[in-house]
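A.B. asks: Right, I'll just put the structure down here and ask away after.
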Amino acid sequence: MNLNLRVWRQSNATDPGKLVDYPAPDISEHMSFLEMLDVVNERLIVKDEQPIAFDHDCREGICGMCSLMINGIAHGPEKGTTVCQLHMRHFKDGDTLVIEPWRARAFPVVRDLVVDRSSFDRIMQVGGFVSANTGNAPDGNAIPISKVEADLAMDAAACIGCGACVASCKNASAMLFVGAKVSQFLHLPQGHPERKSRASNMVAAMDHEGFGNCTNQYECEAVCPKEISVSVISELNREYTRATLTSGSD
Amino acid sequence: MNLDANIPSGPLEQKWDKHRFDLKLINPANKRKFKVLVVGSGLAGGSAASTLAELGYEVDCFCFQDSPRRAHSIAAQGGINAAKNYPNDGDSVFRLFYDTIKGGDFRSREANVYRLAQVSASIIDQCVAQGVPFAREYGGYLANRSFGGAQVSRTFYARGQTGQQLLLGCYAALSRQIGLGKVRMFPRTELLDIVVVDGQARGIVTRNLVSGKVEPHVADAVVLATGGYSTVFFLSTNAMACNVTATYRAHRKGAAFANPCYTQIHPTCIPVSGDYQSKLTLMSESLRNDGRIWVPSKNGDQRTANQIAENERDYYLERKYPSFGNLAPRDIASRSAKEACDAGRGVGESGQGVYLDFKDAIGRLGEDTIRQRYGNLFHMYEKITGDNPYQVPMRIYPAPHYTMGGLWVDYNLMSSLPGLFVIGEANFSDHGANRLGASALMQGLADGYFVLPYTIGNYLASAKLGSVSGSSSEFTGATKGVEDQTKKLLSINGKRSPDSIHKELGRIMWEKCGMGRTEAGLKEALKIIPALREEFWNNVSVLGTGSELNIMLEKAGRLADFLEFAELMCRDALERNESCGGHFREDHQTDEGEAKRNDDDYSHVSAWEYKGPDKNPILHKEPLVFDNVKLATRSYK
């Protein structure tokens, strides 16, 4: 198939950037979206033009590195799919595809389609953990956890930290991301000793990084490649309320 | 070159205990005076960095991804082994040890492997404490399953995302230490050289991948946890940016490279679909618990799978290995698939594929149970291929997946370069010539949580470490070397992209040094690889500058090292004149087509010493001594 690409090009963080048109002829429907970009890049290199920079690594939907806005939808039109697992069979001959980076104040553009998501790491550093030094642990089976709760924890833990939730939210809210981590530890007894500090510290860090608040439109859930439910946001709200309105620390 | 493995004396089961007692300790107040650099943030690097920081060392950690959470350990699907014997099915530390030695085709060290089996149980405990959501039974206890190459159920798992969950546990521990100011994290930073002062590894030189800034880092010890080199084949199940640069640069600075020809070709991956292909996707081999592998009995059968009657199918693993059947170890399962396809019985458009069929399992257990067990894998398969595996069998083919070879290390996980420790897939230590399923996660975390934190203390306590500065000639020399290479790559102005040359290298390696190797093929590879290297240095195109995010420069730098390393791999494969595990020399097979070892001449670790850019490396041999197991021909029949 033949496609027309309009790709965001920006040579560094301070460059204003712009959309540039690239024709993409002879694309196979079996290619992944990123393989299509590889082909476009190889053709640019032959013409001594700089290839389009984009983040990617595992190409099997789990590392969370790839991060493209395709026609205004984070990770493109397929539900529950990262852009590396999106295949060209979902597009039609003659389509025009506008490809942009994640847009959020807390995710500044580094180059072209590459953004800086270190704000996510900084949120994790203040509470996205159980404080268990190596060697502290009792036998694994000493902490029985019902299958139902373990499955709920796993549902939330599936988050890959890609940032699609932020990119698709008009408020650039990170509450699905933060909620997922808070929910994981809420469903496991190991998380309970630090419940309060986790919720309040992570929310404070999220605000500090410049992420907005949730206004319940669920764009995040719609684009999440791991289909994490917005119920984790309710859990985050409850945990935050509990942490701030009840007395005592953890 | 000193290749003393420093294996403690005494009975096998007491070696690690005894060794821990013999290791020198550093008192808690003094640990902060030692600085350790950990390169890589996967299961091995992340666990080592967080644990060392918890102990009180000053730690700097580096990764080339934008966050330590993205290291490729994250993609491991199936599980992690541990000798817990929770299912009461006969497992023990000794059985896990024995299975690992045997699975590795008797080409690994007894003492290292036994220690791995010993600490395996603590790993599960630690991960549970961190909040890793392992699968549970209804009673609330941990669930187990069996996995390729084992007859007991010792594999712990978190759906099909075990690597992700273990890595996120480890990332959480690391994040906590970063937040506490105990670890300084350097994301988007790539190691480009190791710095040796007075015969000791004392630091590294890195390039910041965003600004291009080249910087020296001084320390008391360096830990490499930079993974394997499967991307030498270009197409592999590894992440796109996985590379050999850190370990190869260390090799050039004096660290011996051990068994580079031991590569694992994973049997269950989605077949190649075209030239544009950028990577191969693994389908967890846990699928082999319920899926049955077959090809048509008749050559060139063009009918669809569902049109082929039961009696016209060859379930070749069940036929050849009745006791292990579809659970035969990876090397055997891969080779059998190649054999079937080479004989013209392969399926799919390319003929390079075999069926993995769930029809019987769905009939027996129902679609819901299968969906519960493998739902995410089936979903992924359908996304990539457009086929629904609940209705038609999956098509799979082997693909490069893991490298058992790596930098040589002693029992303390220290390389032949003092002060340089190597952990996880980057070292060669525990898997011999073939790794068993669910053992990579175990080894990465064993090294990082429970082995290195002890052994590195002994080195720091006993080594005489002089004062070193980043402005010393060793550091400025290494920094200049890195800057010169960048300038050189940018000045070639050739016509070929780094990827096009990498793909060509990959094809050579797959054909000549892949699943089946021959003397003639390897000799030919040793002629064409230097020619391709020359083509690279004369005709590669690297646009842009060195002082910006430059993906072509990153790729070209990694490829330059692969083009040298590939030769070492072929040389090792040529020299190892036997078949063992993943190293299958077609000239050494039994009448039934199985790998034929030569224990008299090759029961050793091949450790290669670098001698210079245009000189042949020197082979050193570390003999493998087996006091506790009897060398036997592996049989899974």
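Following the order of the structure tokens, chains are lettered A, B, ..., residues in each are numbered from 1, and ligands are numbered from 1.
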Which residues are close to range 576-589 of chain B, i.e. within 10 Å by only C-alpha atoms, leaving aside same-chain residues fewer than 2 positions away? Reply as a PyMOL selection string.
C.D. replies: chain B and resi 102-107+259+261-266+329-332+334-335+403-404+431-435+513-519+570-574+591-599+601-602+604+606+634
A.B. asks: Determine which residues of range 53-213 of chain A DSSP labels as helix (DSSP H, G or I) from the backbone of this structure, then write them out as a tab-separated table (two decimals) with C-alpha atoms, in the first residue's frame.
C.D. replies:
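Writing the result to result_24.tsv gives the following:
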chain	number	residue	atom	x	y	z
A	83	VAL	CA	2.57	0.89	18.47
A	84	CYS	CA	5.29	-1.74	18.01
A	85	GLN	CA	2.58	-4.41	17.84
A	88	MET	CA	-0.09	-2.05	8.78
A	89	ARG	CA	-3.02	-4.31	7.88
A	90	HIS	CA	-5.10	-1.94	10.01
A	118	SER	CA	11.90	10.68	33.55
A	119	SER	CA	9.08	12.36	35.52
A	120	PHE	CA	7.49	8.88	35.77
A	121	ASP	CA	10.70	7.54	37.32
A	122	ARG	CA	10.77	10.36	39.86
A	123	ILE	CA	7.21	9.56	40.95
A	124	MET	CA	8.20	5.93	41.48
A	125	GLN	CA	11.21	6.97	43.52
A	140	GLY	CA	7.18	-16.97	49.95
A	141	ASN	CA	4.30	-19.12	51.16
A	142	ALA	CA	4.30	-17.47	54.61
A	147	LYS	CA	-6.08	-15.73	44.08
A	148	VAL	CA	-8.69	-13.03	43.52
A	149	GLU	CA	-6.57	-10.35	45.18
A	150	ALA	CA	-3.37	-11.57	43.52
A	151	ASP	CA	-5.10	-11.36	40.13
A	152	LEU	CA	-6.30	-7.82	40.83
A	153	ALA	CA	-2.77	-6.84	41.85
A	154	MET	CA	-1.48	-8.36	38.62
A	155	ASP	CA	-4.07	-6.51	36.53
A	156	ALA	CA	-2.71	-3.23	37.87
A	157	ALA	CA	0.92	-4.31	37.80
A	164	ALA	CA	-0.09	6.90	26.62
A	165	CYS	CA	-2.54	7.71	29.45
A	166	VAL	CA	-0.90	11.11	29.93
A	167	ALA	CA	-0.64	11.79	26.22
A	168	SER	CA	-4.31	11.13	25.60
A	175	MET	CA	-3.47	9.25	37.58
A	176	LEU	CA	-3.88	5.98	35.68
A	177	PHE	CA	-0.14	5.41	35.94
A	178	VAL	CA	0.06	6.30	39.63
A	179	GLY	CA	-3.22	4.55	40.40
A	180	ALA	CA	-1.93	1.33	38.83
A	181	LYS	CA	1.03	1.18	41.22
A	182	VAL	CA	-1.03	2.17	44.26
A	183	SER	CA	-3.67	-0.42	43.35
A	184	GLN	CA	-1.10	-3.20	42.93
A	185	PHE	CA	0.20	-2.68	46.46
A	186	LEU	CA	-3.27	-2.10	47.88
A	189	PRO	CA	-0.56	-7.36	52.20
A	190	GLN	CA	3.10	-6.52	51.56
A	191	GLY	CA	2.01	-3.03	50.47
A	192	HIS	CA	-0.01	-2.17	53.55
A	193	PRO	CA	2.67	-0.95	56.00
A	194	GLU	CA	3.45	1.98	53.65
A	195	ARG	CA	-0.06	2.66	52.33
A	196	LYS	CA	-0.37	6.22	53.54
A	197	SER	CA	3.06	7.51	52.69
A	198	ARG	CA	2.89	5.84	49.27
A	199	ALA	CA	-0.37	7.51	48.27
A	200	SER	CA	0.48	10.94	49.60
A	201	ASN	CA	4.07	11.00	48.35
A	202	MET	CA	3.27	9.75	44.87
A	203	VAL	CA	0.42	12.22	44.45
A	204	ALA	CA	2.63	15.07	45.65
A	205	ALA	CA	5.35	14.07	43.18
A	206	MET	CA	2.81	13.79	40.38
A	207	ASP	CA	1.57	17.32	41.05
A	208	HIS	CA	5.12	18.62	41.37
A.B. asks: Which residues are near Glu100 in chain A? Cut-off 12 Å, only C-alpha atoms, ignore same chain within fewer than 5 positions. Put them as a compact mmCIF listing (two decimals) with C-alpha atoms, in the first residue's frame.
C.D. replies:
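Listed below is the output, selection_36.txt:
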# COMPACT_ATOMS: atom_id res chain seq x y z
CA LEU A 5 3.08 10.44 6.41
CA ARG A 6 3.09 13.78 8.22
CA VAL A 7 5.77 13.45 10.85
CA TRP A 8 6.78 15.79 13.67
CA ARG A 9 10.42 16.78 13.20
CA GLN A 10 12.22 18.70 15.91
CA GLY A 17 9.63 21.79 15.41
CA LYS A 18 7.18 21.22 12.55
CA LEU A 19 5.23 18.60 10.65
CA VAL A 20 7.01 17.33 7.54
CA ILE A 52 13.23 10.12 12.08
CA ALA A 53 14.15 9.53 15.72
CA PHE A 54 11.62 7.51 17.71
CA CYS A 66 7.52 3.19 21.99
CA SER A 67 5.34 6.24 22.16
CA LEU A 68 3.69 7.57 19.03
CA MET A 69 0.54 9.57 18.53
CA ILE A 70 -1.04 8.37 15.26
CA ASN A 71 -3.81 10.56 13.90
CA GLY A 72 -4.36 11.88 17.40
CA ILE A 73 -4.62 8.48 19.09
CA ALA A 74 -1.89 7.30 21.44
CA HIS A 75 -0.41 4.04 20.03
CA GLY A 76 -2.79 4.24 17.06
CA VAL A 109 10.35 16.53 23.51
CA ARG A 111 14.08 15.00 19.42
CA ASP A 112 11.45 14.30 16.73
CA LEU A 113 9.18 11.69 18.31
CA VAL A 114 11.35 11.03 21.37
CA VAL A 115 10.20 12.49 24.69
CA ALA A 167 -0.64 11.79 26.22
A.B. asks: Given a cut-off of 6 Å, which residues of chain B touch chain A, counting only C-alpha atoms, written out as a list in words?
C.D. replies: Arg70, Asp125, Gln126, Val128, Ala129, Gln130, Gly131, Pro133, Arg136, Glu137, Tyr138, Gly140, Tyr141, Ala172, Ser175, Arg176, Gly179, Ala239 and Met240 of chain B
A.B. asks: Take the residues just selected and output them with C-alpha atoms as a PDB file, in the first residue's frame.
C.D. replies:
ATOM      1  CA  ARG B  70      12.878  -0.903  30.264  1.00  0.00           C
ATOM      2  CA  ASP B 125      10.979 -15.076  48.931  1.00  0.00           C
ATOM      3  CA  GLN B 126      12.623 -11.735  48.139  1.00  0.00           C
ATOM      4  CA  VAL B 128       7.245 -11.954  47.072  1.00  0.00           C
ATOM      5  CA  ALA B 129       8.314  -9.517  49.810  1.00  0.00           C
ATOM      6  CA  GLN B 130       8.722  -6.793  47.182  1.00  0.00           C
ATOM      7  CA  GLY B 131       5.137  -7.306  46.051  1.00  0.00           C
ATOM      8  CA  PRO B 133       2.245 -10.605  42.012  1.00  0.00           C
ATOM      9  CA  ARG B 136      -1.514 -18.092  43.236  1.00  0.00           C
ATOM     10  CA  GLU B 137      -3.670 -21.120  43.858  1.00  0.00           C
ATOM     11  CA  TYR B 138      -7.113 -20.643  45.393  1.00  0.00           C
ATOM     12  CA  GLY B 140      -3.522 -18.386  48.565  1.00  0.00           C
ATOM     13  CA  TYR B 141      -0.261 -20.246  48.045  1.00  0.00           C
ATOM     14  CA  ALA B 172      11.131  -0.563  42.541  1.00  0.00           C
ATOM     15  CA  SER B 175      14.008   3.454  42.546  1.00  0.00           C
ATOM     16  CA  ARG B 176      13.805   3.455  46.315  1.00  0.00           C
ATOM     17  CA  GLY B 179      15.047   8.348  45.887  1.00  0.00           C
ATOM     18  CA  ALA B 239      15.351  -5.870  22.041  1.00  0.00           C
ATOM     19  CA  MET B 240      16.591  -3.778  19.123  1.00  0.00           C
TER      20      MET B 240
END
A.B. asks: Find the residues around Ile508 in chain B up to 10 Å (only C-alpha atoms counted), leave out those fewer than 5 positions away in its own chain, and share them as a ChimeraX atom specification.
C.D. replies: /B:232-233,502-503,513-514,521-522,524-525,528-529,566
A.B. asks: What does the distance between CA of Thr189 in chain B and CA of Pro260 in chain B come to in Å, to one decimal place?
C.D. replies: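 If I compute the distance from CA of Thr189 in chain B to CA of Pro260 in chain B, I get 25.8 Å.
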